[in-house]
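Peer 1: So that you have it, the file is structure15.txt, and it contains compact mmCIF, C-alpha atoms and all ligand atoms:
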```txt
# COMPACT_ATOMS: atom_id res chain seq x y z
CA MET Z 1 0.00 0.00 0.00
CA SER Z 2 1.40 3.43 -0.88
CA ALA Z 3 1.71 6.27 1.62
CA ILE Z 4 -0.97 8.30 -0.20
CA ARG Z 5 -3.54 5.54 0.41
CA ALA Z 6 -3.26 6.08 4.15
CA ASN Z 7 -6.04 8.64 3.58
CA PRO Z 8 -8.89 6.66 2.02
CA MET Z 9 -10.52 9.84 0.65
CA ALA Z 10 -7.40 10.83 -1.32
CA PRO Z 11 -7.32 9.40 -4.83
CA ASP Z 12 -4.06 8.00 -6.21
CA PRO Z 13 -3.06 8.94 -9.75
CA TRP Z 14 -3.34 6.13 -12.30
CA ARG Z 15 -2.57 6.56 -16.01
CA ILE Z 16 -4.65 5.19 -18.88
CA GLU Z 17 -2.42 2.66 -20.63
CA ARG Z 18 -4.89 1.17 -23.08
CA ILE Z 19 -8.38 2.00 -24.30
CA ARG Z 20 -10.68 -0.29 -26.17
CA ARG Z 21 -14.02 0.87 -27.52
CA GLU Z 22 -16.67 -1.77 -26.82
CA THR Z 23 -19.80 -0.07 -28.23
CA PRO Z 24 -20.59 3.49 -29.38
CA ASP Z 25 -21.07 4.66 -25.75
CA THR Z 26 -18.96 2.17 -23.78
CA PHE Z 27 -15.23 1.65 -23.51
CA THR Z 28 -12.78 -0.45 -21.50
CA MET Z 29 -9.66 1.18 -20.11
CA GLU Z 30 -6.62 -0.35 -18.54
CA LEU Z 31 -4.93 1.81 -15.87
CA GLY Z 32 -1.39 1.59 -14.56
CA PRO Z 33 -0.08 3.30 -11.38
CA VAL Z 34 1.76 6.60 -11.79
CA VAL Z 35 3.66 6.46 -8.47
CA GLY Z 36 4.66 3.99 -5.83
CA GLU Z 37 2.61 0.88 -6.29
CA THR Z 38 3.15 -2.01 -8.61
CA THR Z 39 -0.13 -3.83 -7.95
CA ARG Z 40 -3.56 -3.11 -6.53
CA PRO Z 41 -5.10 -6.47 -5.53
CA PHE Z 42 -8.88 -6.76 -5.75
CA ALA Z 43 -11.53 -9.45 -5.51
CA ALA Z 44 -14.06 -10.28 -8.25
CA GLY Z 45 -17.14 -8.10 -7.70
CA GLN Z 46 -15.39 -5.10 -6.13
CA PHE Z 47 -15.35 -1.55 -7.47
CA ASN Z 48 -13.13 1.53 -7.48
CA MET Z 49 -14.04 5.19 -7.17
CA LEU Z 50 -12.67 6.83 -10.34
CA TYR Z 51 -12.07 10.57 -10.20
CA VAL Z 52 -11.89 12.77 -13.28
CA PHE Z 53 -9.95 15.73 -11.92
CA GLY Z 54 -12.09 18.86 -11.80
CA VAL Z 55 -15.25 17.00 -12.84
CA GLY Z 56 -16.20 14.39 -10.24
CA GLU Z 57 -15.90 10.89 -8.89
CA VAL Z 58 -18.01 7.80 -9.72
CA PRO Z 59 -18.07 4.15 -8.64
CA ILE Z 60 -17.01 1.77 -11.42
CA SER Z 61 -16.68 -2.01 -11.12
CA ILE Z 62 -13.33 -3.61 -11.77
CA SER Z 63 -13.77 -5.69 -14.91
CA GLY Z 64 -10.28 -7.17 -15.30
CA ASP Z 65 -8.59 -10.37 -14.22
CA PRO Z 66 -7.97 -10.56 -10.43
CA THR Z 67 -4.98 -12.84 -11.03
CA ARG Z 68 -3.28 -10.15 -13.17
CA GLY Z 69 -2.70 -7.50 -10.54
CA THR Z 70 -0.48 -5.06 -12.43
CA SER Z 71 -3.25 -3.09 -14.12
CA LEU Z 72 -6.78 -2.07 -13.24
CA VAL Z 73 -9.42 -2.61 -15.90
CA HIS Z 74 -12.75 -0.76 -15.96
CA THR Z 75 -15.57 -0.75 -18.48
CA VAL Z 76 -17.51 2.51 -18.53
CA ARG Z 77 -20.72 3.62 -20.22
CA ALA Z 78 -21.16 7.35 -20.84
CA VAL Z 79 -24.46 8.27 -19.19
CA GLY Z 80 -23.87 11.62 -17.50
CA ALA Z 81 -21.55 14.39 -16.37
CA VAL Z 82 -18.55 12.36 -15.17
CA THR Z 83 -18.75 9.27 -17.37
CA ARG Z 84 -19.11 11.40 -20.56
CA VAL Z 85 -15.86 13.22 -19.80
CA MET Z 86 -14.24 9.91 -18.86
CA CYS Z 87 -15.25 8.45 -22.21
CA ALA Z 88 -13.45 11.31 -24.00
CA LEU Z 89 -10.13 10.68 -22.19
CA LYS Z 90 -7.12 9.46 -24.16
CA ARG Z 91 -4.23 7.11 -23.60
CA HIS Z 92 -1.71 8.62 -21.09
CA ASP Z 93 -4.38 10.78 -19.40
CA VAL Z 94 -4.42 10.47 -15.60
CA LEU Z 95 -7.38 9.60 -13.37
CA GLY Z 96 -7.72 9.45 -9.59
CA VAL Z 97 -8.37 6.00 -8.12
CA ARG Z 98 -9.69 5.08 -4.67
CA GLY Z 99 -10.36 1.49 -3.79
CA PRO Z 100 -10.95 -1.33 -4.18
CA PHE Z 101 -14.18 -1.24 -2.20
CA GLY Z 102 -17.09 -3.51 -1.46
CA SER Z 103 -18.02 -7.14 -1.17
CA GLN Z 104 -17.14 -9.88 -3.63
CA TRP Z 105 -18.73 -12.75 -5.56
CA PRO Z 106 -18.70 -15.89 -3.37
CA LEU Z 107 -16.34 -17.90 -5.55
CA ARG Z 108 -14.80 -19.93 -2.71
CA GLU Z 109 -18.25 -20.90 -1.42
CA ALA Z 110 -19.23 -21.90 -4.97
CA GLU Z 111 -16.44 -24.47 -5.25
CA GLY Z 112 -17.83 -27.94 -5.89
CA LEU Z 113 -21.11 -26.47 -7.15
CA ASP Z 114 -22.55 -25.63 -10.57
CA VAL Z 115 -22.39 -21.90 -11.27
CA VAL Z 116 -24.87 -19.98 -13.39
CA MET Z 117 -24.03 -16.35 -14.17
CA VAL Z 118 -26.76 -14.11 -15.56
CA ALA Z 119 -25.77 -10.71 -16.93
CA GLY Z 120 -27.75 -7.93 -18.55
CA GLY Z 121 -26.04 -5.11 -20.48
CA LEU Z 122 -23.20 -3.53 -18.53
CA GLY Z 123 -23.82 -6.13 -15.79
CA LEU Z 124 -21.31 -8.35 -17.58
CA ALA Z 125 -18.49 -6.00 -16.46
CA PRO Z 126 -18.56 -6.87 -12.72
CA LEU Z 127 -19.07 -10.54 -13.58
CA ARG Z 128 -16.07 -10.74 -15.90
CA PRO Z 129 -13.48 -11.05 -13.06
CA ALA Z 130 -15.57 -13.95 -11.67
CA ILE Z 131 -15.50 -15.65 -15.08
CA TYR Z 132 -11.70 -15.27 -15.28
CA GLN Z 133 -11.28 -16.68 -11.80
CA ILE Z 134 -13.63 -19.62 -12.36
CA LEU Z 135 -11.91 -20.50 -15.64
CA ALA Z 136 -8.48 -20.26 -13.98
CA ARG Z 137 -9.63 -22.87 -11.44
CA ARG Z 138 -12.11 -24.62 -13.69
CA THR Z 139 -11.76 -28.07 -12.10
CA GLN Z 140 -12.99 -26.69 -8.76
CA TYR Z 141 -16.49 -26.09 -10.17
CA GLY Z 142 -19.25 -28.23 -11.64
CA ARG Z 143 -21.14 -27.03 -14.71
CA VAL Z 144 -20.62 -23.36 -15.56
CA ALA Z 145 -23.18 -21.36 -17.51
CA LEU Z 146 -23.10 -17.74 -18.66
CA LEU Z 147 -26.35 -16.20 -19.88
CA TYR Z 148 -25.82 -12.70 -21.27
CA GLY Z 149 -28.28 -10.34 -22.86
CA ALA Z 150 -27.81 -6.94 -24.52
CA ARG Z 151 -30.28 -4.60 -26.19
CA THR Z 152 -28.89 -5.05 -29.72
CA PRO Z 153 -25.88 -6.80 -31.33
CA ALA Z 154 -24.07 -3.43 -31.33
CA ASP Z 155 -24.39 -3.28 -27.52
CA LEU Z 156 -22.57 -6.57 -26.83
CA LEU Z 157 -19.45 -6.19 -24.66
CA TYR Z 158 -16.26 -8.27 -24.89
CA ARG Z 159 -17.21 -9.89 -28.20
CA ARG Z 160 -13.94 -11.75 -28.74
CA GLU Z 161 -14.04 -13.22 -25.26
CA LEU Z 162 -17.68 -14.20 -25.62
CA TYR Z 163 -16.71 -16.08 -28.74
CA ARG Z 164 -13.78 -17.78 -26.97
CA TRP Z 165 -15.82 -18.70 -23.91
CA GLY Z 166 -18.64 -19.98 -26.14
CA ALA Z 167 -16.20 -22.24 -27.98
CA ARG Z 168 -15.18 -24.01 -24.76
CA ALA Z 169 -16.62 -27.46 -24.10
CA ASP Z 170 -16.64 -26.83 -20.33
CA MET Z 171 -18.81 -23.71 -20.39
CA ASP Z 172 -22.37 -23.14 -21.63
CA VAL Z 173 -22.59 -19.62 -23.05
CA GLN Z 174 -25.92 -18.23 -24.23
CA VAL Z 175 -25.83 -14.75 -25.74
CA THR Z 176 -29.07 -13.04 -26.64
CA VAL Z 177 -30.27 -9.62 -27.81
CA ASP Z 178 -33.62 -7.89 -27.37
CA ARG Z 179 -33.61 -6.83 -31.03
CA GLY Z 180 -31.50 -8.41 -33.77
CA ASP Z 181 -30.35 -6.84 -37.03
CA ASN Z 182 -29.90 -8.21 -40.55
CA ALA Z 183 -26.54 -9.77 -39.72
CA TRP Z 184 -27.53 -11.30 -36.35
CA ARG Z 185 -27.94 -15.09 -36.42
CA GLY Z 186 -28.00 -15.64 -32.66
CA ASN Z 187 -30.69 -15.75 -29.97
CA VAL Z 188 -33.33 -13.04 -29.73
CA GLY Z 189 -35.27 -12.53 -26.49
CA VAL Z 190 -34.69 -11.35 -22.96
CA VAL Z 191 -32.02 -13.15 -20.96
CA PRO Z 192 -34.20 -14.60 -18.12
CA ARG Z 193 -35.95 -16.74 -20.79
CA PHE Z 194 -32.77 -18.81 -21.17
CA ILE Z 195 -32.69 -19.89 -17.53
CA ALA Z 196 -35.34 -22.56 -18.15
CA THR Z 197 -33.00 -24.52 -20.44
CA ALA Z 198 -29.60 -23.79 -18.86
CA GLN Z 199 -27.69 -26.87 -17.68
CA PHE Z 200 -27.34 -26.88 -13.89
CA ASP Z 201 -28.51 -28.91 -10.92
CA PRO Z 202 -30.73 -26.61 -8.83
CA LEU Z 203 -29.84 -28.43 -5.62
CA ASP Z 204 -26.12 -27.75 -6.09
CA THR Z 205 -25.95 -24.42 -7.87
CA MET Z 206 -24.86 -20.90 -7.03
CA ALA Z 207 -26.31 -18.10 -9.20
CA LEU Z 208 -24.48 -14.78 -9.73
CA VAL Z 209 -26.64 -12.05 -11.23
CA CYS Z 210 -25.98 -8.49 -12.40
CA GLY Z 211 -27.94 -6.16 -14.65
CA PRO Z 212 -30.74 -3.60 -14.65
CA GLU Z 213 -33.13 -4.14 -11.71
CA ILE Z 214 -36.04 -5.14 -13.95
CA MET Z 215 -33.88 -7.82 -15.58
CA MET Z 216 -32.76 -9.05 -12.14
CA HIS Z 217 -36.39 -9.18 -10.99
CA PHE Z 218 -37.37 -11.56 -13.83
CA THR Z 219 -34.12 -13.50 -13.42
CA LEU Z 220 -34.95 -14.13 -9.76
CA LEU Z 221 -38.42 -15.41 -10.69
CA GLU Z 222 -36.96 -17.82 -13.28
CA LEU Z 223 -34.20 -19.06 -10.97
CA GLN Z 224 -36.77 -19.70 -8.26
CA LYS Z 225 -38.98 -21.53 -10.79
CA ARG Z 226 -36.00 -23.82 -11.42
CA GLY Z 227 -35.86 -24.51 -7.68
CA LEU Z 228 -33.07 -22.22 -6.45
CA THR Z 229 -33.59 -20.72 -2.99
CA ALA Z 230 -32.81 -17.13 -2.05
CA GLU Z 231 -29.67 -18.37 -0.24
CA GLN Z 232 -28.27 -19.69 -3.54
CA ILE Z 233 -28.59 -16.39 -5.41
CA PHE Z 234 -26.16 -13.44 -5.28
CA LEU Z 235 -26.91 -10.05 -6.84
CA SER Z 236 -24.74 -7.01 -7.50
CA LEU Z 237 -26.70 -3.79 -6.96
CA GLU Z 238 -26.09 -0.15 -7.89
CA ARG Z 239 -26.81 2.92 -5.77
CA ASN Z 240 -25.49 6.48 -5.67
CA MET Z 241 -22.19 6.70 -3.86
CA LYS Z 242 -20.06 9.51 -2.51
CA CYS Z 243 -17.57 8.37 0.15
CA ALA Z 244 -17.56 4.58 -0.54
CA LEU Z 245 -16.47 4.17 3.08
CA GLY Z 246 -19.75 3.82 4.95
CA PHE Z 247 -19.69 7.43 6.25
CA CYS Z 248 -22.00 9.61 4.17
CA GLY Z 249 -25.14 7.47 3.91
CA HIS Z 250 -25.65 8.18 0.19
CA CYS Z 251 -25.74 4.51 -0.70
CA GLN Z 252 -28.12 3.37 2.01
CA PHE Z 253 -30.24 0.36 1.06
CA GLY Z 254 -32.57 -0.73 3.87
CA PRO Z 255 -30.26 -1.31 6.86
CA PHE Z 256 -27.20 -1.69 4.61
CA PHE Z 257 -24.67 0.61 3.00
CA GLU Z 258 -24.07 -0.57 -0.54
CA CYS Z 259 -20.48 0.63 -0.55
CA LYS Z 260 -19.33 -1.60 2.29
CA ASP Z 261 -22.03 -4.27 2.74
CA GLY Z 262 -22.47 -4.60 -1.06
CA PRO Z 263 -22.49 -4.25 -3.98
CA VAL Z 264 -22.75 -8.08 -3.95
CA PHE Z 265 -25.51 -9.34 -1.64
CA ARG Z 266 -26.95 -12.78 -1.00
CA TYR Z 267 -30.55 -12.41 -2.07
CA ASP Z 268 -32.17 -13.60 1.18
CA THR Z 269 -30.40 -10.79 3.09
CA ILE Z 270 -31.94 -8.03 0.93
CA GLN Z 271 -35.14 -9.66 -0.31
CA ARG Z 272 -37.34 -7.34 1.82
CA TRP Z 273 -35.97 -4.20 0.18
CA PHE Z 274 -35.18 -5.36 -3.36
CA GLY Z 275 -37.27 -3.61 -6.01
CA LYS Z 276 -38.59 -0.97 -3.59
CA ARG Z 277 -37.78 2.64 -4.38
CA GLU Z 278 -36.14 5.02 -1.89
CA VAL Z 279 -35.16 2.39 0.72
C1 LIG A 301 -21.01 -0.47 -7.27
C2 LIG A 301 -21.23 0.20 -8.60
C3 LIG A 301 -20.57 -0.28 -9.71
C4 LIG A 301 -20.73 0.35 -10.94
N1 LIG A 301 -20.05 -0.14 -12.01
C5 LIG A 301 -20.13 0.50 -13.19
C6 LIG A 301 -19.37 0.07 -14.30
O1 LIG A 301 -18.62 -0.93 -14.23
N2 LIG A 301 -19.46 0.77 -15.44
C7 LIG A 301 -20.28 1.86 -15.55
O2 LIG A 301 -20.31 2.48 -16.63
N3 LIG A 301 -21.05 2.28 -14.54
C8 LIG A 301 -20.98 1.63 -13.37
N4 LIG A 301 -21.72 2.08 -12.31
C9 LIG A 301 -22.64 3.19 -12.54
C10 LIG A 301 -21.89 4.49 -12.52
O3 LIG A 301 -21.35 4.73 -11.23
C11 LIG A 301 -22.86 5.60 -12.91
O4 LIG A 301 -23.25 5.42 -14.24
C12 LIG A 301 -22.16 6.94 -12.78
O5 LIG A 301 -22.09 7.24 -11.41
C13 LIG A 301 -22.88 8.00 -13.51
O6 LIG A 301 -22.20 9.20 -13.23
P1 LIG A 301 -22.30 10.44 -14.20
O7 LIG A 301 -21.82 11.62 -13.44
O8 LIG A 301 -21.65 10.14 -15.51
O9 LIG A 301 -23.84 10.51 -14.49
P2 LIG A 301 -24.94 11.31 -13.66
O10 LIG A 301 -24.86 12.73 -14.08
O11 LIG A 301 -24.85 10.95 -12.22
O12 LIG A 301 -26.23 10.64 -14.26
C14 LIG A 301 -26.74 11.05 -15.49
C15 LIG A 301 -28.03 10.32 -15.78
O13 LIG A 301 -27.75 8.95 -16.03
C16 LIG A 301 -28.53 8.16 -15.18
N5 LIG A 301 -27.70 7.04 -14.81
C17 LIG A 301 -26.81 7.01 -13.80
N6 LIG A 301 -26.23 5.81 -13.74
C18 LIG A 301 -26.75 5.09 -14.75
C19 LIG A 301 -26.54 3.78 -15.24
N7 LIG A 301 -25.68 2.95 -14.66
N8 LIG A 301 -27.25 3.37 -16.33
C20 LIG A 301 -28.13 4.19 -16.92
N9 LIG A 301 -28.37 5.44 -16.49
C21 LIG A 301 -27.69 5.87 -15.44
C22 LIG A 301 -28.88 9.01 -14.01
O14 LIG A 301 -30.10 8.54 -13.42
C23 LIG A 301 -29.02 10.35 -14.64
O15 LIG A 301 -30.30 10.51 -15.21
C24 LIG A 301 -21.60 1.46 -11.08
C25 LIG A 301 -22.28 1.94 -9.95
C26 LIG A 301 -22.10 1.32 -8.72
C27 LIG A 301 -22.83 1.84 -7.52
S1 LIG A 302 -21.16 5.98 -0.26
FE1 LIG A 302 -21.02 6.97 1.66
S2 LIG A 302 -21.92 5.54 2.99
FE2 LIG A 302 -21.78 4.46 1.10
```
How does the structure come out when it is put into structure tokens?
Peer 2:
Amino acid sequence: MSAIRANPMAPDPWRIERIRRETPDTFTMELGPVVGETTRPFAAGQFNMLYVFGVGEVPISISGDPTRGTSLVHTVRAVGAVTRVMCALKRHDVLGVRGPFGSQWPLREAEGLDVVMVAGGLGLAPLRPAIYQILARRTQYGRVALLYGARTPADLLYRRELYRWGARADMDVQVTVDRGDNAWRGNVGVVPRFIATAQFDPLDTMALVCGPEIMMHFTLLELQKRGLTAEQIFLSLERNMKCALGFCGHCQFGPFFECKDGPVFRYDTIQRWFGKREV
């Protein structure tokens, strides 16, 4: 840990080393430290606070490989004031980084079980480190399924990796879009529809879910139809954040603070508040 990180509110400077455009409004950037550190370990499911100097700070999931600790990878969609400026940054520009923060996907607890991952849109970004980690220790898990849905073919993230993962015999990958185009030959339909036919044993399965809340709502219904209990399902949730340290209360969700108790929650712990506004 560098000296600067002794103050958890002070961002450390990290430089953009590589940028890859994923879709018209989404890009993936790889950051390297400017001073001091050589690595910044993180767990799959955690996020960093990224600060665009003079503009503002936003929480962004870490979307890279936890076993490759020398760079930090984030996938960002331009939706508002900070992320739009972030999307216009270039290679060698410097950002502030605080983190990593938050809870993680329960990959140790999932060992010996089947794992089904369900992602909608940008929800694939926080799941990608879990996929890397599961594939790195593939023999520790039973069947592994990834169900991923995007609005259109142009909105699909990580296309090359999706293709590589889909080509593996030890992973069931179902990619779907809400609306196809003339070139699209794949699945069309919302992602929860594919849960009915995914290969897993409901008695011995852990489900990891991330996406828009409406997609997660229907995913939960389908997983429960297949026989999964709330204890077998983990969700990653999004709320507004400011401090990311459990101080300011911005991210309150029922009795929890998303920044330190989440963003990954076991469903039974948050079931009472999930889907309710302003809790
Ligand atoms: C734990 C956590 C992890 C996150 N991980 C990622 C990530 O990996 N990549 C990423 O791009 N974003 C991620 N987000 C969301 C990201 O933090 C917000 O999109 C960002 O704060 C928006 O800031 P802004 O200043 O650009 O937009 P604002 O000016 O705050 O918002 C502009 C408008 O966009 C809307 N908006 C805000 N967030 C979203 C959203 N996610 N989708 C659609 N509309 C939105 C707002 O309601 C508002 O109307 C994450 C959020 C959390 C809490
Ligand atoms: S962001 Fe301040 S308490 Fe969570």
Peer 1: Can I get the residues close to ligand LIG 301 (chain A) as a CSV table (one decimal) with C-alpha atoms, keeping the file's coordinate frame, where close means within 9 Å and we count all atoms listed in the file?
Peer 2:
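Written out: part.csv:
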```
chain,number,residue,atom,x,y,z
Z,26,THR,CA,-19.0,2.2,-23.8
Z,27,PHE,CA,-15.2,1.6,-23.5
Z,45,GLY,CA,-17.1,-8.1,-7.7
Z,46,GLN,CA,-15.4,-5.1,-6.1
Z,47,PHE,CA,-15.4,-1.6,-7.5
Z,48,ASN,CA,-13.1,1.5,-7.5
Z,49,MET,CA,-14.0,5.2,-7.2
Z,50,LEU,CA,-12.7,6.8,-10.3
Z,55,VAL,CA,-15.2,17.0,-12.8
Z,56,GLY,CA,-16.2,14.4,-10.2
Z,57,GLU,CA,-15.9,10.9,-8.9
Z,58,VAL,CA,-18.0,7.8,-9.7
Z,59,PRO,CA,-18.1,4.2,-8.6
Z,60,ILE,CA,-17.0,1.8,-11.4
Z,61,SER,CA,-16.7,-2.0,-11.1
Z,62,ILE,CA,-13.3,-3.6,-11.8
Z,63,SER,CA,-13.8,-5.7,-14.9
Z,74,HIS,CA,-12.8,-0.8,-16.0
Z,75,THR,CA,-15.6,-0.8,-18.5
Z,76,VAL,CA,-17.5,2.5,-18.5
Z,77,ARG,CA,-20.7,3.6,-20.2
Z,78,ALA,CA,-21.2,7.4,-20.8
Z,79,VAL,CA,-24.5,8.3,-19.2
Z,80,GLY,CA,-23.9,11.6,-17.5
Z,81,ALA,CA,-21.6,14.4,-16.4
Z,82,VAL,CA,-18.6,12.4,-15.2
Z,83,THR,CA,-18.8,9.3,-17.4
Z,84,ARG,CA,-19.1,11.4,-20.6
Z,85,VAL,CA,-15.9,13.2,-19.8
Z,86,MET,CA,-14.2,9.9,-18.9
Z,101,PHE,CA,-14.2,-1.2,-2.2
Z,102,GLY,CA,-17.1,-3.5,-1.5
Z,122,LEU,CA,-23.2,-3.5,-18.5
Z,123,GLY,CA,-23.8,-6.1,-15.8
Z,124,LEU,CA,-21.3,-8.4,-17.6
Z,125,ALA,CA,-18.5,-6.0,-16.5
Z,126,PRO,CA,-18.6,-6.9,-12.7
Z,212,PRO,CA,-30.7,-3.6,-14.6
Z,236,SER,CA,-24.7,-7.0,-7.5
Z,237,LEU,CA,-26.7,-3.8,-7.0
Z,238,GLU,CA,-26.1,-0.2,-7.9
Z,239,ARG,CA,-26.8,2.9,-5.8
Z,240,ASN,CA,-25.5,6.5,-5.7
Z,241,MET,CA,-22.2,6.7,-3.9
Z,251,CYS,CA,-25.7,4.5,-0.7
Z,258,GLU,CA,-24.1,-0.6,-0.5
Z,259,CYS,CA,-20.5,0.6,-0.6
Z,262,GLY,CA,-22.5,-4.6,-1.1
Z,263,PRO,CA,-22.5,-4.2,-4.0
Z,264,VAL,CA,-22.8,-8.1,-4.0
```
Peer 1: Could you check the closest approach to Ile19 (chain Z) for each of Z:Ala136, Z:Val34, Z:Ile131, Z:Leu72 and tell me which residue wins, using all atoms listed in the file?
Peer 2: Z:Leu72
Peer 1: If the limit is 7 Å from any atom of ligand LIG 302 (chain A), counting all atoms listed in the file, which residues qualify? Return them as a PyMOL selection string.
Peer 2: chain Z and resi 240-252+257-260
Peer 1: Measuring between only C-alpha atoms, which one of Z:Ala130, Z:Val118, Z:Leu162, Z:Ala198 shows the shortest distance to Leu220 (chain Z)?
Peer 2: Z:Val118
Peer 1: Which value, in Å to one decimal, gives the distance between CA of Arg68 (chain Z) and CA of Val97 (chain Z)?
Peer 2: 17.7 Å
Peer 1: Would you list the contacts of Leu228 (chain Z) as number ranges by chain, taking every protein, DNA or RNA residue within 6 Å and counting all atoms listed in the file, but skipping same-chain residues closer than 4 positions in sequence?
Peer 2: Z: 202, 223-224
Peer 1: Counting only C-alpha atoms, which of Z:Tyr51, Z:Trp165, Z:Tyr158, Z:Trp184 gets nearest to Arg21 (chain Z)?
Peer 2: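 Distance minimum relative to Arg21 (chain Z) lands on Z:Tyr158.
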Peer 1: For the atom pair CA of Met9 (chain Z) and CA of Arg98 (chain Z), what is the interatomic distance in Å to one decimal place?
Peer 2: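 Here the two named atoms are 7.2 Å from each other.
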Peer 1: Write out as a PyMOL selection string which residues come within 8 Å of Phe200 (chain Z) when counting all atoms listed in the file, dropping same-chain ones fewer than 3 positions away.
Peer 2: chain Z and resi 114-116+143-145+204-205
Peer 1: Set the distance at 7 Å and use only C-alpha atoms: which residues neighbour Val209 (chain Z) once local chain neighbours fewer than 6 positions away are removed? I'd like the list as a list in words.
Peer 2: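 Listing them by chain and then by number gives Met117, Val118, Ala119, Met216, Phe234, Leu235 and Ser236 of chain Z.
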Peer 1: Report, in Å to a single decimal, how far apart CA of Leu203 (chain Z) and CA of Leu135 (chain Z) are.
Peer 2: 22.0 Å
Peer 1: Have a look at Z:Glu22, Z:Asp181, Z:Asp12, Z:Asp170 and name the one nearest to Gly121 (chain Z); count all atoms listed in the file.
Peer 2: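 When distances to Gly121 (chain Z) are compared using all atoms listed in the file, the smallest one comes from Z:Glu22.
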Peer 1: List as a list in words the protein and nucleic acid residues near Pro66 (chain Z), meaning an atom at most 10 Å away when all atoms listed in the file are counted, but skip any in the same chain fewer than 4 places from it.
Peer 2: Arg40, Pro41, Phe42, Ala43, Ala44, Gly45, Ile62, Thr70, Ser71, Leu72, Val73, Arg128, Pro129, Ala130, Tyr132 and Gln133 of chain Z
Peer 1: If you keep C-alpha atoms, can you produce a file of those selected residues as a PDB file, in the frame of the given file?
Peer 2:
```pdb
ATOM      1  CA  ARG Z  40      -3.560  -3.110  -6.530  1.00  0.00           C
ATOM      2  CA  PRO Z  41      -5.100  -6.470  -5.530  1.00  0.00           C
ATOM      3  CA  PHE Z  42      -8.880  -6.760  -5.750  1.00  0.00           C
ATOM      4  CA  ALA Z  43     -11.530  -9.450  -5.510  1.00  0.00           C
ATOM      5  CA  ALA Z  44     -14.060 -10.280  -8.250  1.00  0.00           C
ATOM      6  CA  GLY Z  45     -17.140  -8.100  -7.700  1.00  0.00           C
ATOM      7  CA  ILE Z  62     -13.330  -3.610 -11.770  1.00  0.00           C
ATOM      8  CA  THR Z  70      -0.480  -5.060 -12.430  1.00  0.00           C
ATOM      9  CA  SER Z  71      -3.250  -3.090 -14.120  1.00  0.00           C
ATOM     10  CA  LEU Z  72      -6.780  -2.070 -13.240  1.00  0.00           C
ATOM     11  CA  VAL Z  73      -9.420  -2.610 -15.900  1.00  0.00           C
ATOM     12  CA  ARG Z 128     -16.070 -10.740 -15.900  1.00  0.00           C
ATOM     13  CA  PRO Z 129     -13.480 -11.050 -13.060  1.00  0.00           C
ATOM     14  CA  ALA Z 130     -15.570 -13.950 -11.670  1.00  0.00           C
ATOM     15  CA  TYR Z 132     -11.700 -15.270 -15.280  1.00  0.00           C
ATOM     16  CA  GLN Z 133     -11.280 -16.680 -11.800  1.00  0.00           C
TER      17      GLN Z 133
END
```
Peer 1: Would you list the residues near (-32.9, -13.7, 0.9) (no more than 12 Å away, in the coordinates of the file, using only C-alpha atoms) as a PDB file with C-alpha atoms, keeping the file's coordinate frame?
Peer 2:
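And here's result_33.pdb as it stands now:
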```pdb
ATOM      1  CA  LEU Z 220     -34.950 -14.130  -9.760  1.00  0.00           C
ATOM      2  CA  GLN Z 224     -36.770 -19.700  -8.260  1.00  0.00           C
ATOM      3  CA  LEU Z 228     -33.070 -22.220  -6.450  1.00  0.00           C
ATOM      4  CA  THR Z 229     -33.590 -20.720  -2.990  1.00  0.00           C
ATOM      5  CA  ALA Z 230     -32.810 -17.130  -2.050  1.00  0.00           C
ATOM      6  CA  GLU Z 231     -29.670 -18.370  -0.240  1.00  0.00           C
ATOM      7  CA  GLN Z 232     -28.270 -19.690  -3.540  1.00  0.00           C
ATOM      8  CA  ILE Z 233     -28.590 -16.390  -5.410  1.00  0.00           C
ATOM      9  CA  PHE Z 234     -26.160 -13.440  -5.280  1.00  0.00           C
ATOM     10  CA  LEU Z 235     -26.910 -10.050  -6.840  1.00  0.00           C
ATOM     11  CA  PHE Z 265     -25.510  -9.340  -1.640  1.00  0.00           C
ATOM     12  CA  ARG Z 266     -26.950 -12.780  -1.000  1.00  0.00           C
ATOM     13  CA  TYR Z 267     -30.550 -12.410  -2.070  1.00  0.00           C
ATOM     14  CA  ASP Z 268     -32.170 -13.600   1.180  1.00  0.00           C
ATOM     15  CA  THR Z 269     -30.400 -10.790   3.090  1.00  0.00           C
ATOM     16  CA  ILE Z 270     -31.940  -8.030   0.930  1.00  0.00           C
ATOM     17  CA  GLN Z 271     -35.140  -9.660  -0.310  1.00  0.00           C
ATOM     18  CA  ARG Z 272     -37.340  -7.340   1.820  1.00  0.00           C
ATOM     19  CA  TRP Z 273     -35.970  -4.200   0.180  1.00  0.00           C
ATOM     20  CA  PHE Z 274     -35.180  -5.360  -3.360  1.00  0.00           C
TER      21      PHE Z 274
END
```
Peer 1: Which centre and edge lengths in Å to one decimal define the box along x, y and z that fits every listed atom of region 161-164 of chain Z plus 8 Å per side, as JSON?
Peer 2:
```
{"center_x": -15.7, "center_y": -15.5, "center_z": -27.0, "size_x": 19.9, "size_y": 20.6, "size_z": 19.5}
```
Peer 1: Which residues, written as a PDB file with C-alpha atoms, in the frame of the given file, have at least one atom at most 9 Å from Ile214 (chain Z), with all atoms listed in the file counted and residues fewer than 4 positions away on the same chain left out?
Peer 2:
```pdb
ATOM      1  CA  PHE Z 218     -37.370 -11.560 -13.830  1.00  0.00           C
ATOM      2  CA  THR Z 219     -34.120 -13.500 -13.420  1.00  0.00           C
ATOM      3  CA  GLY Z 275     -37.270  -3.610  -6.010  1.00  0.00           C
TER       4      GLY Z 275
END
```
Peer 1: My list of candidates is Z:Gly54, Z:Pro13, Z:Gly64, Z:Gly112. Which is closest to Glu30 (chain Z) when distances are computed with all atoms listed in the file?
Peer 2: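 Comparing Z:Gly54, Z:Pro13, Z:Gly64, Z:Gly112 against Glu30 (chain Z), the winner is Z:Gly64.
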